[in-house]
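Engineer: Here you go, model32.cif (mmCIF, C-alpha atoms):
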data_final
#
loop_
_atom_site.label_atom_id
_atom_site.label_comp_id
_atom_site.auth_asym_id
_atom_site.auth_seq_id
_atom_site.Cartn_x
_atom_site.Cartn_y
_atom_site.Cartn_z
CA ASN A 1007 9.19 41.98 73.46
CA THR A 1008 7.48 41.57 76.81
CA SER A 1009 4.24 42.81 78.33
CA GLU A 1010 6.26 45.64 79.89
CA GLY A 1011 7.95 46.74 76.70
CA THR A 1012 10.96 45.90 74.56
CA VAL A 1013 14.05 44.35 76.10
CA GLU A 1014 17.40 44.75 74.32
CA ALA A 1015 19.90 41.90 74.60
CA THR A 1016 23.57 41.78 73.66
CA CYS A 1017 24.47 38.76 71.51
CA ASN A 1018 28.17 39.35 70.92
CA GLY A 1019 30.02 36.10 70.29
CA VAL A 1020 26.82 34.12 69.79
CA LEU A 1021 26.05 32.39 66.50
CA PHE A 1022 22.40 31.72 65.84
CA LEU A 1023 21.39 28.79 63.66
CA PHE A 1024 17.90 29.38 62.37
CA THR A 1025 15.97 26.35 61.25
CA SER A 1026 14.64 26.16 57.72
CA ARG A 1027 12.57 23.86 55.58
CA LYS A 1028 15.74 21.82 54.95
CA TRP A 1029 17.10 21.69 58.48
CA GLY A 1030 15.18 21.60 61.75
CA SER A 1031 11.57 21.93 60.61
CA ARG A 1032 10.81 18.21 60.91
CA SER A 1033 11.96 18.26 64.52
CA ILE A 1034 9.71 21.20 65.29
CA PHE A 1035 6.64 19.54 63.77
CA ARG A 1036 7.42 16.25 65.51
CA GLN A 1037 7.76 17.97 68.89
CA ILE A 1038 4.50 19.86 68.35
CA GLN A 1039 2.73 16.58 67.59
CA MET A 1040 4.29 14.83 70.61
CA ASN A 1041 3.31 17.66 72.98
CA ASP A 1042 -0.22 18.34 71.70
CA GLY A 1043 0.55 21.76 70.25
CA ILE A 1044 2.92 24.70 70.65
CA THR A 1045 1.90 25.51 74.22
CA GLY A 1046 3.13 22.09 75.36
CA LEU A 1047 6.62 22.43 73.85
CA HIS A 1048 9.63 22.01 76.13
CA ARG A 1049 12.51 24.25 75.10
CA GLU A 1050 15.33 21.84 75.93
CA HIS A 1051 13.62 18.88 74.25
CA LEU A 1052 12.94 20.96 71.15
CA ILE A 1053 16.50 22.25 70.85
CA SER A 1054 17.99 18.78 71.42
CA SER A 1055 15.76 17.39 68.69
CA VAL A 1056 16.78 20.16 66.29
CA ARG A 1057 20.48 19.58 67.09
CA ARG A 1058 20.15 15.89 66.24
CA GLU A 1059 18.37 16.65 62.96
CA VAL A 1060 20.95 19.25 61.91
CA ASN A 1061 23.83 16.91 62.79
CA SER A 1062 22.26 14.15 60.69
CA HIS A 1063 22.70 16.38 57.62
CA THR A 1064 26.40 17.13 58.25
CA ASP A 1065 29.62 15.12 58.41
CA MET A 1066 30.51 16.47 61.83
CA GLN A 1067 28.61 17.50 64.94
CA PHE A 1068 27.88 20.84 63.29
CA SER A 1069 25.25 22.15 65.70
CA ASN A 1070 27.39 21.37 68.76
CA HIS A 1071 29.63 24.33 67.84
CA PHE A 1072 26.73 26.72 68.44
CA SER A 1073 25.95 27.93 71.93
CA ILE A 1074 22.39 28.84 71.00
CA ILE A 1075 19.89 27.42 68.54
CA ALA A 1076 16.87 29.59 67.88
CA PRO A 1077 14.07 27.52 66.31
CA LEU A 1078 11.65 29.55 64.19
CA LEU A 1079 8.19 28.27 65.00
CA PRO A 1080 5.60 28.16 62.19
CA LEU A 1081 3.62 31.38 61.74
CA GLN A 1082 -0.04 31.05 62.63
CA ARG A 1083 -2.90 33.17 61.33
CA GLN A 1084 -2.61 35.67 64.19
CA ASP A 1085 1.10 36.06 63.36
CA ILE A 1086 0.32 36.80 59.69
CA ASN A 1087 -2.34 39.22 60.94
CA SER A 1088 0.25 41.10 63.02
CA LEU A 1089 2.75 41.14 60.14
CA LEU A 1090 0.15 42.63 57.80
CA ILE A 1091 -0.73 45.33 60.33
CA SER A 1092 2.99 46.13 60.57
CA LYS A 1093 3.18 46.47 56.77
CA PHE A 1094 0.31 48.95 56.77
CA ASP A 1095 1.91 50.83 59.68
CA GLN A 1096 5.14 51.09 57.70
CA LEU A 1097 3.25 52.31 54.64
CA ASP A 1098 1.44 54.86 56.82
CA ARG A 1099 4.69 56.22 58.29
CA THR A 1100 6.34 56.42 54.87
CA LEU A 1101 3.58 58.52 53.31
CA ARG A 1102 2.24 60.36 56.34
CA GLY A 1103 2.15 64.11 55.79
CA THR A 1104 2.48 63.84 52.02
CA GLN A 1105 -0.12 61.31 50.86
CA TRP A 1106 -2.42 61.53 53.90
CA LYS A 1107 -2.63 62.73 57.46
CA ARG A 1108 -2.66 59.10 58.57
CA LEU A 1109 -3.78 55.74 57.24
CA GLU A 1110 -6.31 53.53 59.01
CA ILE A 1111 -7.62 50.08 58.12
CA SER A 1112 -10.62 48.19 59.47
CA ASN A 1113 -10.37 44.89 61.31
CA ASP A 1114 -12.72 43.39 58.72
CA ALA A 1115 -10.22 44.22 55.98
CA ILE A 1116 -7.28 42.74 57.88
CA ASN A 1117 -9.21 39.56 58.66
CA LEU A 1118 -10.21 39.16 55.02
CA PHE A 1119 -6.67 39.66 53.72
CA VAL A 1120 -5.28 36.87 55.94
CA ASP A 1121 -8.07 34.34 55.41
CA GLU A 1122 -7.76 31.03 53.56
CA ASP A 1123 -8.65 32.63 50.21
CA HIS A 1124 -5.52 34.80 50.30
CA VAL A 1125 -3.03 32.84 52.42
CA GLU A 1126 -2.23 29.14 52.07
CA TYR A 1127 -2.45 27.43 55.45
CA PHE A 1128 -1.62 23.88 56.52
CA ASP A 1129 -3.28 21.93 59.34
CA LEU A 1130 -0.95 19.84 61.48
CA PHE A 1131 -2.66 16.95 63.27
CA ARG A 1132 -1.41 14.32 65.71
CA LYS A 1133 0.92 11.83 64.11
CA ASP A 1134 -1.55 8.95 64.41
CA THR A 1135 -4.55 10.90 63.11
CA THR A 1136 -6.32 9.22 60.19
CA ASN A 1137 -8.00 11.06 57.34
CA SER A 1138 -11.43 10.29 58.78
CA ASP A 1139 -10.41 11.60 62.21
CA LYS A 1140 -9.25 14.90 60.69
CA LYS A 1141 -12.86 15.77 59.84
CA SER A 1142 -13.80 15.81 63.53
CA ASP A 1143 -10.50 16.45 65.34
CA LYS A 1144 -9.13 19.94 65.80
CA ALA A 1145 -5.72 20.55 64.25
CA LEU A 1146 -2.83 20.96 66.68
CA LEU A 1147 -1.52 23.83 64.59
CA THR A 1148 -2.65 25.79 61.54
CA PHE A 1149 0.21 27.72 59.98
CA SER A 1150 1.18 29.64 56.86
CA VAL A 1151 2.88 27.36 54.34
CA SER A 1152 5.14 30.18 53.08
CA GLY A 1153 5.60 31.88 56.43
CA ALA A 1154 6.03 35.66 56.32
CA MET A 1155 6.88 35.48 52.61
CA THR A 1156 3.21 34.85 51.88
CA LEU A 1157 2.50 38.59 52.09
CA ASP A 1158 5.19 39.53 49.56
CA GLN A 1159 4.39 36.64 47.24
CA ASN A 1160 0.65 37.25 47.03
CA SER A 1161 -0.59 39.38 44.18
CA TRP A 1162 -3.31 41.02 46.29
CA TRP A 1163 -0.79 42.84 48.51
CA LYS A 1164 1.14 44.07 45.47
CA ALA A 1165 -2.05 45.20 43.73
CA LEU A 1166 -3.34 46.98 46.83
CA SER A 1167 -0.08 48.72 47.78
CA ASN A 1168 0.55 49.79 44.18
CA LYS A 1169 -2.97 51.19 43.93
CA ILE A 1170 -2.54 53.10 47.18
CA VAL A 1171 0.82 54.59 46.18
CA ASP A 1172 0.30 55.24 42.46
CA GLY A 1173 -3.48 55.41 42.03
CA THR A 1174 -4.53 57.65 44.89
CA ARG A 1175 -4.75 61.43 45.08
CA ARG A 1176 -2.69 63.18 47.72
CA ARG A 1177 -4.73 64.65 50.56
CA PRO A 1178 -2.22 65.33 53.34
CA ASN A 1179 -4.85 66.92 55.59
CA ASP A 1180 -7.31 64.02 55.50
CA VAL A 1181 -7.40 60.55 57.00
CA ALA A 1182 -7.22 57.65 54.54
CA PHE A 1183 -9.36 54.66 55.44
CA ILE A 1184 -9.37 51.13 53.99
CA ASP A 1185 -12.42 48.95 54.49
CA ILE A 1186 -14.22 45.98 52.93
CA ASP A 1187 -17.58 45.86 51.19
CA LYS A 1188 -18.81 42.56 52.61
CA GLU A 1189 -21.37 42.05 49.85
CA SER A 1190 -19.08 42.59 46.86
CA HIS A 1191 -15.83 41.58 48.67
CA GLU A 1192 -14.19 44.71 47.27
CA THR A 1193 -11.55 46.75 49.04
CA VAL A 1194 -12.83 50.29 49.53
CA PHE A 1195 -10.46 53.26 49.84
CA CYS A 1196 -12.01 56.47 51.15
CA TRP A 1197 -11.17 59.76 52.87
CA MET A 1198 -12.35 61.13 56.21
CA ASP A 1199 -12.17 64.59 57.71
CA ASP A 1200 -10.38 64.21 61.03
CA ASN A 1201 -12.61 66.92 62.52
CA ASP A 1202 -15.88 65.37 61.29
CA VAL A 1203 -17.50 63.54 64.22
CA SER A 1204 -19.95 61.79 61.88
CA ASP A 1205 -17.18 59.52 60.52
CA HIS A 1206 -18.44 60.15 56.99
CA CYS A 1207 -16.08 58.56 54.46
CA LYS A 1208 -15.82 59.81 50.88
CA GLU A 1209 -15.02 56.90 48.60
CA GLU A 1210 -12.23 57.31 46.06
CA TRP A 1211 -11.81 53.83 44.58
CA ARG A 1212 -12.58 50.13 44.88
CA LEU A 1213 -10.41 47.12 44.20
CA LEU A 1214 -11.56 43.51 43.84
CA ILE A 1215 -9.05 41.23 45.56
#
Kindly present the structure from the file in structure tokens form.
Structural biologist:
Amino acid sequence: NTSEGTVEATCNGVLFLFTSRKWGSRSIFRQIQMNDGITGLHREHLISSVRREVNSHTDMQFSNHFSIIAPLLPLQRQDINSLLISKFDQLDRTLRGTQWKRLEISNDAINLFVDEDHVEYFDLFRKDTTNSDKKSDKALLTFSVSGAMTLDQNSWWKALSNKIVDGTRRRPNDVAFIDIDKESHETVFCWMDDNDVSDHCKEEWRLLI
């Protein structure tokens, strides 16, 4: 994806080796530490480092047979935020016209669902940072420990999506809206009339997550 839209690329004859926790991840973290964060990464240096790490786990120069190595960088909070929005968009498209007219969710709800209480994050500091320095220094990178899987693994997403699908009345002519009660920290599901300019929302249920 680019700022001007989506670009399609043909990858015939190209084998991609995606890094994992077993292969390549140490090189990525080391390069991030050496370059003071993701923005300072150099593509060629990163790929060379990953090649060396992968080759160290094999009996032959395994990675040298690949024309392209595509390192998967750790997912940061904004990445998990975008993935969650995509999940709600998919749910909206699946049930639009039968369950609701459309599904909307507040930014407050999204931000709560991806915070430290619901997603396990790890702070990556400079290699020479001591425990005492970590209290004052800003982490080079804060990323999801489980990557994108954190959304499928967490019980709150399962509870919420199940409640939406199985515990909600069908109102195909109304707009479904998900918000957060900041005082009780409950998820609030309500209905809005698309033609009502007052934005009045009729609550149907609450769920403590």
Engineer: Can you tell me how far atom CA of Leu1079 of chain A sits from atom CA of Ile1044 of chain A, in Å to one decimal?
Structural biologist: 8.5 Å
Engineer: For the contact check between segment 1101-1164 of chain A and segment 1192-1207 of chain A, emit one row per residue of segment 1101-1164 of chain A within 12 Å, containing the shortest atom pair and the distance in Å rounded to one decimal, counting all atoms listed in the file, chain then rising number order, as JSON lines.
Structural biologist:
{"residue": "A:Gln1105", "atom": "CA", "partner": "A:Trp1197", "partner_atom": "CA", "distance": 11.3}
{"residue": "A:Trp1106", "atom": "CA", "partner": "A:Trp1197", "partner_atom": "CA", "distance": 9.0}
{"residue": "A:Lys1107", "atom": "CA", "partner": "A:Asp1200", "partner_atom": "CA", "distance": 8.7}
{"residue": "A:Arg1108", "atom": "CA", "partner": "A:Asp1200", "partner_atom": "CA", "distance": 9.6}
{"residue": "A:Leu1109", "atom": "CA", "partner": "A:Trp1197", "partner_atom": "CA", "distance": 9.5}
{"residue": "A:Glu1110", "atom": "CA", "partner": "A:Trp1197", "partner_atom": "CA", "distance": 10.0}
{"residue": "A:Ile1111", "atom": "CA", "partner": "A:Phe1195", "partner_atom": "CA", "distance": 9.3}
{"residue": "A:Ser1112", "atom": "CA", "partner": "A:Val1194", "partner_atom": "CA", "distance": 10.4}
{"residue": "A:Asp1114", "atom": "CA", "partner": "A:Thr1193", "partner_atom": "CA", "distance": 10.3}
{"residue": "A:Ala1115", "atom": "CA", "partner": "A:Thr1193", "partner_atom": "CA", "distance": 7.5}
{"residue": "A:Ile1116", "atom": "CA", "partner": "A:Thr1193", "partner_atom": "CA", "distance": 10.6}
{"residue": "A:Leu1118", "atom": "CA", "partner": "A:Thr1193", "partner_atom": "CA", "distance": 9.8}
{"residue": "A:Phe1119", "atom": "CA", "partner": "A:Thr1193", "partner_atom": "CA", "distance": 9.8}
{"residue": "A:Trp1162", "atom": "CA", "partner": "A:Thr1193", "partner_atom": "CA", "distance": 10.4}
{"residue": "A:Trp1163", "atom": "CA", "partner": "A:Thr1193", "partner_atom": "CA", "distance": 11.5}
Engineer: Contacts of segment 1096-1103 of chain A at 10 Å or less, counting only C-alpha atoms, minus same-chain residues fewer than 4 places along, as a VMD selection string?
Structural biologist: chain A and resid 1090 to 1092 1107 to 1110 1167 1170 to 1171 1176 to 1182
Engineer: Every residue with an atom at most 9 Å from (3.7, 36.7, 52.4) (file coordinates; all atoms listed in the file) is what I'm after, so could you write them as a list in words?
Structural biologist: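 Using all atoms listed in the file, the matching residues come out as Ile1086, Leu1089, Leu1090, Val1125, Ser1150, Ser1152, Gly1153, Ala1154, Met1155, Thr1156, Leu1157, Asp1158, Gln1159, Asn1160 and Trp1163 of chain A.
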Engineer: My list of candidates is A:Pro1080, A:Gly1173, A:Gly1030, A:Gly1046. Which is closest to Ser1062 of chain A when distances are computed with only C-alpha atoms?
Structural biologist: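 Answer, going by the shortest atom-to-atom distance: A:Gly1030.
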Engineer: With only C-alpha atoms as the basis for distance, which of A:Asn1061, A:Ser1055, A:Ser1161, A:Thr1148 is at the shortest distance from His1124 of chain A?
Structural biologist: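 Ranked by minimum distance to His1124 of chain A, first place goes to A:Ser1161.
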Engineer: Mind giving me the straight-line distance from atom CA of Phe1131 of chain A to atom CA of Val1056 of chain A in Å, one decimal?
Structural biologist: 19.9 Å
